[in-house]
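A.B. asks: Below is the file query_39.txt, which contains compact mmCIF, C-alpha atoms.
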# COMPACT_ATOMS: atom_id res chain seq x y z
CA MET Q 100 -29.16 -20.84 102.44
CA LYS Q 101 -26.29 -19.52 100.28
CA ILE Q 102 -25.57 -23.01 98.95
CA ILE Q 103 -29.30 -23.55 98.12
CA ASN Q 104 -29.39 -20.27 96.21
CA LEU Q 105 -26.16 -21.24 94.43
CA VAL Q 106 -27.70 -24.54 93.36
CA LYS Q 107 -30.92 -22.86 92.11
CA SER Q 108 -29.03 -20.28 90.09
CA SER Q 109 -26.66 -22.94 88.76
CA ARG Q 110 -29.61 -25.10 87.61
CA ARG Q 111 -30.92 -22.21 85.50
CA LEU Q 112 -27.46 -21.63 83.96
CA LEU Q 113 -26.03 -25.15 83.68
CA GLY Q 114 -28.90 -27.60 83.68
CA ARG Q 115 -29.72 -30.44 86.06
CA SER Q 116 -26.87 -32.90 85.20
CA SER Q 117 -24.18 -30.23 85.50
CA VAL Q 118 -25.55 -29.14 88.87
CA ILE Q 119 -25.36 -32.73 90.15
CA ASN Q 120 -21.70 -32.93 89.12
CA LEU Q 121 -21.01 -29.57 90.78
CA CYS Q 122 -22.61 -30.76 94.03
CA ARG Q 123 -20.55 -33.95 93.97
CA HIS Q 124 -17.37 -31.91 93.51
CA ILE Q 125 -18.26 -29.60 96.43
CA ALA Q 126 -19.04 -32.58 98.62
CA SER Q 127 -15.77 -34.31 97.71
CA GLN Q 128 -13.78 -31.31 98.94
CA GLY Q 129 -15.01 -31.97 102.44
CA ASN Q 130 -13.97 -35.62 102.46
CA THR Q 131 -11.19 -36.48 104.90
CA GLN Q 132 -8.28 -38.08 103.06
CA HIS Q 133 -6.73 -41.28 104.40
CA HIS Q 134 -3.60 -40.46 106.44
CA LYS Q 135 -0.85 -43.03 106.81
CA VAL Q 136 2.34 -42.89 108.86
CA LEU Q 137 5.10 -45.29 107.81
CA VAL Q 138 8.14 -45.73 110.05
CA SER Q 139 11.12 -47.44 108.45
CA LYS Q 140 12.91 -50.16 110.41
CA SER Q 141 16.04 -49.67 108.31
CA LEU Q 142 19.10 -47.57 109.19
CA ASN Q 143 20.42 -47.75 105.63
CA ILE Q 144 20.18 -44.42 103.75
CA TYR Q 145 19.97 -46.13 100.35
CA GLU Q 146 17.09 -48.34 101.47
CA ASN Q 147 15.22 -45.45 103.06
CA LEU Q 148 15.51 -43.17 100.04
CA ALA Q 149 14.61 -46.09 97.79
CA LEU Q 150 11.48 -46.58 99.89
CA GLU Q 151 10.64 -42.90 99.51
CA ASP Q 152 11.08 -43.15 95.73
CA TRP Q 153 8.98 -46.35 95.60
CA LEU Q 154 6.13 -44.76 97.55
CA TYR Q 155 6.27 -41.66 95.37
CA GLU Q 156 6.02 -43.79 92.24
CA ASN Q 157 3.41 -46.32 93.40
CA THR Q 158 1.01 -44.48 95.73
CA ASP Q 159 -2.31 -42.99 94.63
CA PHE Q 160 -2.10 -39.67 96.46
CA ASN Q 161 -5.66 -38.82 95.47
CA LYS Q 162 -6.67 -41.39 98.07
CA GLU Q 163 -4.08 -41.00 100.79
CA THR Q 164 -1.37 -38.77 102.23
CA ILE Q 165 1.75 -40.38 103.70
CA LEU Q 166 4.20 -39.31 106.37
CA LEU Q 167 7.37 -41.38 106.12
CA LEU Q 168 9.70 -41.30 109.15
CA TRP Q 169 13.17 -42.80 109.37
CA HIS Q 170 16.73 -42.38 110.63
CA ASN Q 171 20.07 -43.59 109.31
CA SER Q 172 23.51 -44.76 110.28
CA PRO Q 173 26.20 -42.13 109.47
CA CYS Q 174 25.91 -40.76 105.94
CA VAL Q 175 26.08 -37.57 103.90
CA VAL Q 176 23.10 -36.70 101.71
CA PHE Q 177 23.48 -33.96 99.11
CA GLY Q 178 21.00 -32.34 96.75
CA ARG Q 179 20.30 -33.34 93.17
CA HIS Q 180 22.24 -30.36 91.75
CA GLN Q 181 25.20 -30.33 94.14
CA ASN Q 182 28.89 -31.19 94.01
CA PRO Q 183 29.83 -33.74 96.72
CA TRP Q 184 33.56 -32.94 96.47
CA ILE Q 185 32.81 -29.29 97.29
CA GLU Q 186 30.17 -30.00 99.93
CA CYS Q 187 31.97 -32.54 102.11
CA ASN Q 188 35.19 -34.39 102.80
CA VAL Q 189 34.74 -37.29 100.38
CA PRO Q 190 38.03 -39.05 101.22
CA TYR Q 191 37.18 -39.04 104.93
CA CYS Q 192 33.75 -40.52 104.22
CA GLU Q 193 35.23 -43.26 102.05
CA LYS Q 194 37.91 -44.09 104.60
CA PHE Q 195 35.54 -44.36 107.57
CA GLY Q 196 32.55 -45.93 105.83
CA VAL Q 197 30.25 -42.91 105.85
CA ASP Q 198 27.79 -43.46 102.99
CA LEU Q 199 27.48 -40.78 100.30
CA VAL Q 200 24.20 -40.40 98.45
CA ARG Q 201 22.60 -38.00 96.00
CA ARG Q 202 18.88 -37.54 96.61
CA LYS Q 203 16.23 -36.77 93.99
CA SER Q 204 15.26 -33.41 95.52
CA GLY Q 205 17.19 -30.15 95.48
CA GLY Q 206 18.48 -28.23 98.48
CA GLY Q 207 21.72 -28.47 100.45
CA THR Q 208 23.94 -31.11 101.98
CA VAL Q 209 23.15 -32.70 105.34
CA TYR Q 210 24.87 -35.15 107.64
CA HIS Q 211 22.72 -37.95 109.05
CA ASP Q 212 23.23 -40.39 111.87
CA GLU Q 213 20.89 -42.17 114.28
CA GLY Q 214 20.37 -38.91 116.17
CA ASN Q 215 18.58 -37.31 113.24
CA LEU Q 216 14.90 -37.90 112.41
CA ASN Q 217 13.87 -37.57 108.77
CA CYS Q 218 10.30 -36.60 107.92
CA SER Q 219 8.86 -36.93 104.42
CA PHE Q 220 5.36 -35.57 103.74
CA MET Q 221 4.05 -37.18 100.55
CA MET Q 222 0.80 -36.01 98.97
CA LYS Q 223 -0.99 -34.84 95.84
CA GLN Q 224 0.24 -31.61 94.36
CA SER Q 225 -2.82 -29.56 95.28
CA LEU Q 226 -2.14 -30.21 98.98
CA TYR Q 227 1.55 -29.26 98.84
CA ASN Q 228 2.40 -26.76 101.58
CA ARG Q 229 5.89 -26.80 103.08
CA ARG Q 230 5.09 -24.27 105.77
CA ARG Q 231 2.12 -26.30 107.00
CA ASN Q 232 4.23 -29.46 107.28
CA LEU Q 233 6.93 -27.67 109.24
CA GLN Q 234 4.36 -25.99 111.48
CA LEU Q 235 2.80 -29.37 112.26
CA VAL Q 236 6.13 -30.61 113.61
CA VAL Q 237 6.84 -27.38 115.49
CA ASP Q 238 3.39 -27.44 117.07
CA ALA Q 239 3.72 -31.11 118.04
CA LEU Q 240 7.09 -30.60 119.76
CA THR Q 241 6.06 -27.34 121.41
CA TYR Q 242 2.88 -28.89 122.80
CA LYS Q 243 4.75 -31.90 124.21
CA TRP Q 244 8.01 -30.34 125.45
CA ASN Q 245 7.47 -26.58 125.24
CA THR Q 246 10.48 -26.30 122.91
CA PRO Q 247 11.35 -22.75 121.71
CA LEU Q 248 11.08 -23.44 117.97
CA SER Q 249 10.48 -21.12 115.02
CA ILE Q 250 10.50 -21.28 111.21
CA ASN Q 251 12.56 -18.79 109.22
CA ASP Q 252 12.09 -17.43 105.70
CA ARG Q 253 14.17 -20.27 104.22
CA ASP Q 254 11.83 -22.88 105.75
CA ASP Q 255 14.43 -23.94 108.31
CA ILE Q 256 13.31 -24.88 111.81
CA LEU Q 257 15.34 -22.96 114.38
CA LEU Q 258 15.94 -23.62 118.05
CA LEU Q 259 16.12 -20.48 120.23
CA ASP Q 260 15.68 -18.44 117.01
CA LYS Q 261 19.32 -19.12 116.12
CA TYR Q 262 20.34 -22.75 115.85
CA LYS Q 263 19.28 -24.77 112.84
CA ILE Q 264 17.83 -28.17 113.63
CA SER Q 265 16.11 -28.82 110.31
CA GLY Q 266 17.01 -28.46 106.64
CA THR Q 267 14.27 -28.83 104.04
CA ALA Q 268 13.93 -29.92 100.38
CA SER Q 269 11.16 -30.96 97.99
CA LYS Q 270 10.37 -32.82 94.81
CA LEU Q 271 7.37 -31.59 92.83
CA GLY Q 272 5.80 -33.77 90.16
CA ARG Q 273 2.86 -33.06 87.92
CA ASN Q 274 0.25 -34.46 90.30
CA LYS Q 275 2.25 -35.51 93.35
CA THR Q 276 4.95 -34.18 95.62
CA TYR Q 277 7.06 -34.90 98.61
CA HIS Q 278 8.59 -32.50 101.10
CA HIS Q 279 11.26 -33.94 103.37
CA PHE Q 280 13.35 -32.43 106.11
CA THR Q 281 15.71 -33.34 108.91
CA LEU Q 282 15.25 -32.94 112.65
CA LEU Q 283 18.42 -32.94 114.74
CA TYR Q 284 17.77 -34.30 118.19
CA ASN Q 285 21.04 -36.05 119.16
CA VAL Q 286 23.45 -35.85 116.22
CA ASP Q 287 27.22 -36.05 116.61
CA THR Q 288 27.77 -32.34 115.86
CA LEU Q 289 31.58 -32.58 115.99
CA ARG Q 290 31.56 -35.20 113.26
CA LEU Q 291 28.95 -33.23 111.33
CA LYS Q 292 31.20 -30.16 111.20
CA SER Q 293 34.28 -32.22 110.33
CA ILE Q 294 32.62 -34.08 107.48
CA LEU Q 295 30.82 -31.08 105.98
CA HIS Q 296 34.16 -29.43 105.37
CA SER Q 297 35.63 -29.90 101.89
CA ASN Q 298 39.35 -30.43 101.44
CA LEU Q 299 39.13 -29.40 97.76
CA ASP Q 300 40.51 -25.93 97.00
CA GLY Q 301 40.47 -23.71 93.93
CA THR Q 302 37.13 -24.81 92.46
CA ILE Q 303 34.84 -23.00 90.07
CA SER Q 304 31.34 -24.45 89.86
CA ASN Q 305 27.72 -23.51 89.19
CA ALA Q 306 26.46 -26.32 91.42
CA THR Q 307 24.08 -25.39 94.22
CA ARG Q 308 26.05 -24.46 97.35
CA SER Q 309 24.98 -25.19 100.89
CA ILE Q 310 24.65 -22.24 103.25
CA PRO Q 311 26.57 -22.54 106.55
CA ALA Q 312 24.52 -22.31 109.75
CA PRO Q 313 25.12 -23.00 113.46
CA VAL Q 314 23.41 -26.16 114.67
CA MET Q 315 22.16 -27.51 117.98
CA ASN Q 316 20.50 -30.70 119.21
CA LEU Q 317 17.05 -30.89 120.77
CA VAL Q 318 18.47 -33.02 123.60
CA ASP Q 319 20.52 -30.02 124.70
CA LEU Q 320 17.24 -28.53 125.95
CA VAL Q 321 15.07 -31.64 126.34
CA PRO Q 322 17.31 -34.54 127.49
CA ASP Q 323 14.58 -37.22 127.28
CA ILE Q 324 13.86 -36.74 123.54
CA ASP Q 325 14.67 -39.78 121.43
CA PHE Q 326 13.62 -41.37 118.14
CA SER Q 327 10.61 -43.23 119.53
CA SER Q 328 9.19 -40.25 121.40
CA LEU Q 329 9.55 -38.00 118.35
CA VAL Q 330 7.87 -40.58 116.12
CA ASN Q 331 4.96 -40.90 118.55
CA VAL Q 332 4.45 -37.16 119.04
CA ILE Q 333 4.67 -36.24 115.35
CA SER Q 334 2.56 -39.21 114.24
CA GLU Q 335 -0.21 -38.35 116.70
CA ARG Q 336 -0.35 -34.78 115.42
CA PHE Q 337 -0.34 -35.93 111.78
CA VAL Q 338 -3.28 -38.32 112.13
CA GLU Q 339 -5.41 -36.32 114.57
CA ASP Q 340 -8.77 -35.08 113.29
CA THR Q 341 -8.72 -37.68 110.50
CA GLU Q 342 -11.41 -40.32 110.20
CA SER Q 343 -9.09 -42.87 108.59
CA SER Q 344 -5.47 -43.24 109.70
CA VAL Q 345 -2.78 -45.84 110.34
CA VAL Q 346 0.74 -45.97 111.82
CA GLU Q 347 2.83 -48.85 110.52
CA TYR Q 348 6.47 -49.96 110.88
CA VAL Q 349 7.88 -51.24 107.58
CA ASP Q 350 11.05 -52.87 106.27
CA PRO Q 351 12.27 -51.44 102.92
CA ALA Q 352 14.09 -54.72 102.26
CA ASP Q 353 10.72 -56.55 102.13
CA LYS Q 354 10.40 -57.12 98.38
CA SER Q 355 6.95 -58.66 98.73
CA ALA Q 356 5.65 -55.45 100.29
CA PHE Q 357 7.55 -53.20 97.89
CA PRO Q 358 7.97 -55.08 94.59
CA GLY Q 359 10.50 -53.45 92.30
CA ILE Q 360 12.22 -51.45 95.05
CA ASN Q 361 15.59 -52.91 94.04
CA LYS Q 362 15.48 -50.78 90.89
CA HIS Q 363 15.44 -47.63 93.00
CA LEU Q 364 18.10 -49.03 95.34
CA ALA Q 365 20.49 -49.84 92.48
CA GLU Q 366 20.09 -46.36 90.98
CA LEU Q 367 20.82 -44.59 94.27
CA LYS Q 368 23.95 -46.69 94.91
CA ALA Q 369 25.42 -46.29 91.42
CA TRP Q 370 28.62 -44.24 91.03
CA ASN Q 371 27.12 -42.66 87.91
CA TRP Q 372 24.25 -41.26 89.99
CA ILE Q 373 26.21 -40.29 93.11
CA PHE Q 374 29.21 -38.68 91.39
CA ALA Q 375 28.84 -38.52 87.60
CA LYS Q 376 25.63 -36.47 87.95
CA THR Q 377 27.70 -33.67 89.49
CA PRO Q 378 27.45 -30.42 87.47
CA PRO Q 379 30.68 -29.63 85.56
CA PHE Q 380 33.36 -27.87 87.57
CA SER Q 381 36.97 -26.73 87.28
CA ILE Q 382 39.93 -26.81 89.65
CA SER Q 383 42.90 -24.46 89.50
CA ARG Q 384 45.85 -24.51 91.91
CA THR Q 385 49.29 -22.88 92.01
CA PHE Q 386 52.25 -24.54 93.71
CA GLN Q 387 55.70 -23.26 94.55
CA ASN Q 388 59.00 -25.07 94.93
CA GLU Q 389 62.73 -24.42 94.75
CA PHE Q 390 64.98 -26.26 92.33
CA SER Q 391 68.69 -25.46 92.02
CA ARG Q 392 68.14 -22.26 94.01
CA THR Q 393 65.46 -21.10 91.57
CA ILE Q 394 61.86 -20.55 92.73
CA THR Q 395 59.55 -22.48 90.42
CA PHE Q 396 55.77 -22.07 90.12
CA LEU Q 397 53.48 -24.73 88.72
CA GLU Q 398 49.89 -23.91 87.71
CA VAL Q 399 47.60 -26.93 87.52
CA SER Q 400 44.12 -26.61 86.05
CA LEU Q 401 41.59 -29.21 84.96
CA ASP Q 402 37.89 -29.67 84.24
CA VAL Q 403 35.65 -32.41 85.62
CA THR Q 404 32.58 -33.31 83.57
CA LYS Q 405 30.31 -36.28 84.31
CA GLY Q 406 32.81 -37.43 86.91
CA LYS Q 407 35.78 -37.54 84.50
CA ILE Q 408 38.86 -35.36 84.06
CA HIS Q 409 39.25 -33.23 80.94
CA ASN Q 410 41.65 -30.54 79.72
CA LEU Q 411 44.47 -30.99 82.22
CA ASP Q 412 46.78 -28.01 81.72
CA LEU Q 413 50.19 -27.46 83.33
CA LYS Q 414 52.24 -24.25 83.20
CA VAL Q 415 55.70 -23.88 84.73
CA THR Q 416 57.24 -20.50 85.53
CA PRO Q 417 60.03 -19.80 84.76
CA PRO Q 418 60.39 -22.25 81.85
CA THR Q 419 62.57 -25.25 82.70
CA MET Q 420 64.66 -27.72 80.81
CA ILE Q 421 61.72 -30.14 80.83
CA ASP Q 422 60.77 -31.33 77.33
CA SER Q 423 57.24 -30.22 76.32
CA LYS Q 424 56.52 -33.88 75.46
CA VAL Q 425 56.43 -34.57 79.20
CA PHE Q 426 53.41 -32.39 79.88
CA ILE Q 427 51.71 -33.38 76.63
CA ALA Q 428 51.95 -37.04 77.60
CA LEU Q 429 50.55 -36.19 81.03
CA SER Q 430 47.60 -34.21 79.66
CA VAL Q 431 46.73 -36.86 77.09
CA GLY Q 432 47.12 -39.68 79.59
CA MET Q 433 44.75 -38.07 82.10
CA GLU Q 434 41.96 -37.30 79.61
CA GLU Q 435 38.66 -39.06 80.48
CA THR Q 436 40.09 -40.44 83.74
CA GLN Q 437 37.45 -41.12 86.37
CA PHE Q 438 37.69 -38.63 89.24
CA THR Q 439 38.69 -41.19 91.87
CA LEU Q 440 42.01 -41.58 93.66
CA ASN Q 441 42.46 -45.15 92.42
CA GLU Q 442 41.96 -44.32 88.73
CA ILE Q 443 44.03 -41.11 88.89
CA SER Q 444 46.88 -42.90 90.66
CA LYS Q 445 46.89 -45.68 88.05
CA LYS Q 446 47.00 -43.15 85.21
CA LEU Q 447 49.81 -41.16 86.80
CA SER Q 448 51.82 -44.36 87.32
CA SER Q 449 51.25 -45.28 83.69
CA VAL Q 450 52.41 -41.84 82.53
CA LYS Q 451 55.52 -42.09 84.70
CA MET Q 452 56.38 -45.43 83.13
CA GLU Q 453 55.95 -43.84 79.72
CA TRP Q 454 58.36 -41.06 80.75
CA ILE Q 455 60.91 -43.64 81.88
CA THR Q 456 60.56 -45.67 78.69
CA SER Q 457 60.94 -42.52 76.59
CA ARG Q 458 63.98 -41.43 78.65
CA LEU Q 459 62.23 -38.24 79.73
CA TYR Q 460 62.54 -39.20 83.39
CA THR Q 461 66.25 -38.71 84.11
CA VAL Q 462 68.63 -37.80 86.91
CA GLU Q 463 68.22 -34.15 85.94
CA THR Q 464 64.42 -34.16 85.65
CA HIS Q 465 63.17 -36.70 88.19
CA ALA Q 466 62.81 -34.21 91.08
CA ILE Q 467 60.59 -31.74 89.23
CA LEU Q 468 58.60 -34.51 87.53
CA ASP Q 469 57.88 -36.28 90.81
CA TRP Q 470 56.87 -32.93 92.28
CA THR Q 471 54.54 -32.34 89.32
CA LEU Q 472 52.78 -35.65 89.95
CA LEU Q 473 52.53 -34.81 93.64
CA CYS Q 474 50.92 -31.46 92.79
CA ILE Q 475 48.29 -33.17 90.63
CA ILE Q 476 47.43 -35.51 93.51
CA GLU Q 477 47.17 -32.48 95.80
CA THR Q 478 44.99 -30.63 93.27
CA VAL Q 479 42.34 -33.35 93.10
CA ALA Q 480 42.48 -33.72 96.93
CA LEU Q 481 41.19 -37.28 96.94
CA HIS Q 482 43.81 -38.67 99.33
CA HIS Q 483 42.91 -39.50 102.93
CA GLY Q 484 44.67 -36.49 104.41
CA ARG Q 485 46.79 -33.61 103.18
CA THR Q 486 49.95 -34.48 101.27
CA PRO Q 487 52.74 -33.46 103.67
CA SER Q 488 55.41 -30.98 102.73
CA GLN Q 489 58.45 -33.01 101.86
CA ASN Q 490 61.99 -32.70 100.54
CA THR Q 491 62.35 -33.15 96.80
CA ASP Q 492 66.02 -34.11 97.04
CA ASN Q 493 68.90 -34.25 99.45
CA ASN Q 494 69.45 -30.48 99.18
CA SER Q 495 66.37 -29.87 101.34
CA GLU Q 496 64.46 -28.18 98.51
CA LYS Q 497 61.00 -28.13 100.17
CA THR Q 498 57.64 -28.35 98.51
CA TYR Q 499 55.15 -25.67 99.56
CA LEU Q 500 51.44 -26.33 99.03
CA ASN Q 501 48.90 -23.53 99.38
CA ASN Q 502 46.07 -24.64 101.69
CA ASN Q 503 42.98 -22.45 102.01
CA GLU Q 504 40.78 -22.94 105.07
CA SER Q 505 37.22 -24.02 104.31
CA GLN Q 506 34.13 -23.45 106.42
CA ALA Q 507 31.93 -26.38 107.34
CA THR Q 508 28.47 -26.18 105.78
CA TRP Q 509 25.16 -27.53 106.86
Please, can you express the file's structure as structure tokens?

C.D. replies:
Amino acid sequence: MKIINLVKSSRRLLGRSSVINLCRHIASQGNTQHHKVLVSKSLNIYENLALEDWLYENTDFNKETILLLWHNSPCVVFGRHQNPWIECNVPYCEKFGVDLVRRKSGGGTVYHDEGNLNCSFMMKQSLYNRRRNLQLVVDALTYKWNTPLSINDRDDILLLDKYKISGTASKLGRNKTYHHFTLLYNVDTLRLKSILHSNLDGTISNATRSIPAPVMNLVDLVPDIDFSSLVNVISERFVEDTESSVVEYVDPADKSAFPGINKHLAELKAWNWIFAKTPPFSISRTFQNEFSRTITFLEVSLDVTKGKIHNLDLKVTPPTMIDSKVFIALSVGMEETQFTLNEISKKLSSVKMEWITSRLYTVETHAILDWTLLCIIETVALHHGRTPSQNTDNNSEKTYLNNNESQATW
């Protein structure tokens, strides 16, 4: 009756054609949108994020809403505005083949392996609701396994109101969005804590920082949970009460199904995206050593912008017999050097050869100059393990390196 009266009054105010359009709009709001669940067959983080980007770019979300589910082999995924060198142990990841990737959304850094389910809710902007997506998953798991789950004010899913099992992030476009989050069910938590522990000290940065939180696996309470059971339970809840739905397993490497996906894949794997997109940051360290029974302090500071070193500055206290040309050559030689161990090592070797050629590297100066190079390597912290304390000459003059303990983040 209320709708009939609304139509009659609208006809008097708007006219017949406008009323028809209004009725069509009202009717369209009740239409059930097509729901699709896509489950990736790939364990490659680059392929899975490339698939997410491809779907975001090529799907008409006015017609359908997508839930993309996947899991990965070991990798570290950090937010668009984060610093990977601060968020995780980059040298460890490079040494042991743990992939590093910068995603397109914000948020904090997470460790993935095959014991972590990733959920990405992709839809038009008007339907965007992070809390609803999280509640769908919580309700599905609680109904199936009676798991004690809750959602906190930061949109994290907690187990037993304490342990974080899900971190969340979003990308909002003009007319479309995606909201993705993790779900820890059987992750290697020891490796997670080891990797999400930076070995870089003395940094100053405006990059988004991850917030530490205790974590726990779902299998600790429900031993029979696995990837397949989670996919089935969450998919069923996502497509229920919809007139049109589909669950499909897909291969992101299938170029016929996803034409142009290689463009997204290449971007995600590029060093310029993973590392050079890091917000500018600075590093400052102070080292102490003893030369000829005199305590010597060396202050090393540098800036890193777009993944390259700038403004290397070295200050020695008290002043030594070292010619100022030594440190000038070092600062100039390191300018614009890519922030990788290989490039830094090559530049330092080149500078040392320049010192030797210029007769600045002598019997009297070699100990403090070698120590200076060692301190720079320690400052950038890109080696696969801490530089050990070592003797600088036969007089047992030891090098002392200040090491601050970091807290693992998740």

A.B. asks: Identify which of the residues Q:Gln132, Q:Gly266, Q:Gly214, Q:Asp152 lies closest to Ser172 in chain Q, counting only C-alpha atoms when measuring atom-to-atom distances.

C.D. replies: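 Closest residue, counting only C-alpha atoms: Q:Gly214.
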
A.B. asks: Just the residues within 10 Å of Gly359 in chain Q, please, counting all atoms listed in the file, with nothing from its chain fewer than 5 positions along; format it as a list in words.

C.D. replies: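 In the requested format, the answer is Trp153, Lys354 and Leu364 of chain Q.
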
A.B. asks: Tell me which of Q:Ser449, Q:Thr471, Q:Ser141, Q:Thr302 sits closest to Ile185 in chain Q, counting only C-alpha atoms.

C.D. replies: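 Distance minimum relative to Ile185 in chain Q lands on Q:Thr302.
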
A.B. asks: Which residues come within 12 Å of Met420 in chain Q, counting all atoms listed in the file, excluding same-chain residues fewer than 5 positions away, as a VMD selection string?

C.D. replies: chain Q and resid 390 415 425 459 to 461 463 to 465 467 to 468

A.B. asks: Which residues, written as a list of chain:residue names, have at least one atom at most 6 Å from range 278-291 of chain Q, with only C-alpha atoms counted and residues fewer than 5 positions away on the same chain left out?

C.D. replies: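 Contacts, with the query itself left out: Q:Tyr210, Q:Gly214, Q:Asn215, Q:Leu216, Q:Asn217, Q:Cys218, Q:Ser219, Q:Phe220, Q:Ile264, Q:Ser265, Q:Gly266, Q:Thr267, Q:Ala268, Q:Ser269, Q:Asn316, Q:Leu317, Q:Val318.
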
A.B. asks: For the selection just defined, write its residues with C-alpha atoms to a file, as a PDB file, in the frame of the given file.

C.D. replies:
ATOM      1  CA  TYR Q 210      24.870 -35.150 107.640  1.00  0.00           C
ATOM      2  CA  GLY Q 214      20.370 -38.910 116.170  1.00  0.00           C
ATOM      3  CA  ASN Q 215      18.580 -37.310 113.240  1.00  0.00           C
ATOM      4  CA  LEU Q 216      14.900 -37.900 112.410  1.00  0.00           C
ATOM      5  CA  ASN Q 217      13.870 -37.570 108.770  1.00  0.00           C
ATOM      6  CA  CYS Q 218      10.300 -36.600 107.920  1.00  0.00           C
ATOM      7  CA  SER Q 219       8.860 -36.930 104.420  1.00  0.00           C
ATOM      8  CA  PHE Q 220       5.360 -35.570 103.740  1.00  0.00           C
ATOM      9  CA  ILE Q 264      17.830 -28.170 113.630  1.00  0.00           C
ATOM     10  CA  SER Q 265      16.110 -28.820 110.310  1.00  0.00           C
ATOM     11  CA  GLY Q 266      17.010 -28.460 106.640  1.00  0.00           C
ATOM     12  CA  THR Q 267      14.270 -28.830 104.040  1.00  0.00           C
ATOM     13  CA  ALA Q 268      13.930 -29.920 100.380  1.00  0.00           C
ATOM     14  CA  SER Q 269      11.160 -30.960  97.990  1.00  0.00           C
ATOM     15  CA  ASN Q 316      20.500 -30.700 119.210  1.00  0.00           C
ATOM     16  CA  LEU Q 317      17.050 -30.890 120.770  1.00  0.00           C
ATOM     17  CA  VAL Q 318      18.470 -33.020 123.600  1.00  0.00           C
TER      18      VAL Q 318
END

A.B. asks: Just the number, please: distance in Å from CA of Cys174 in chain Q to CA of Leu258 in chain Q, one decimal.

C.D. replies: 23.2 Å

A.B. asks: Hey, which of Q:Thr419, Q:Asn188, Q:Asn147, Q:Ser400 ends up closest to Leu481 in chain Q? Count all atoms listed in the file.

C.D. replies: Q:Asn188
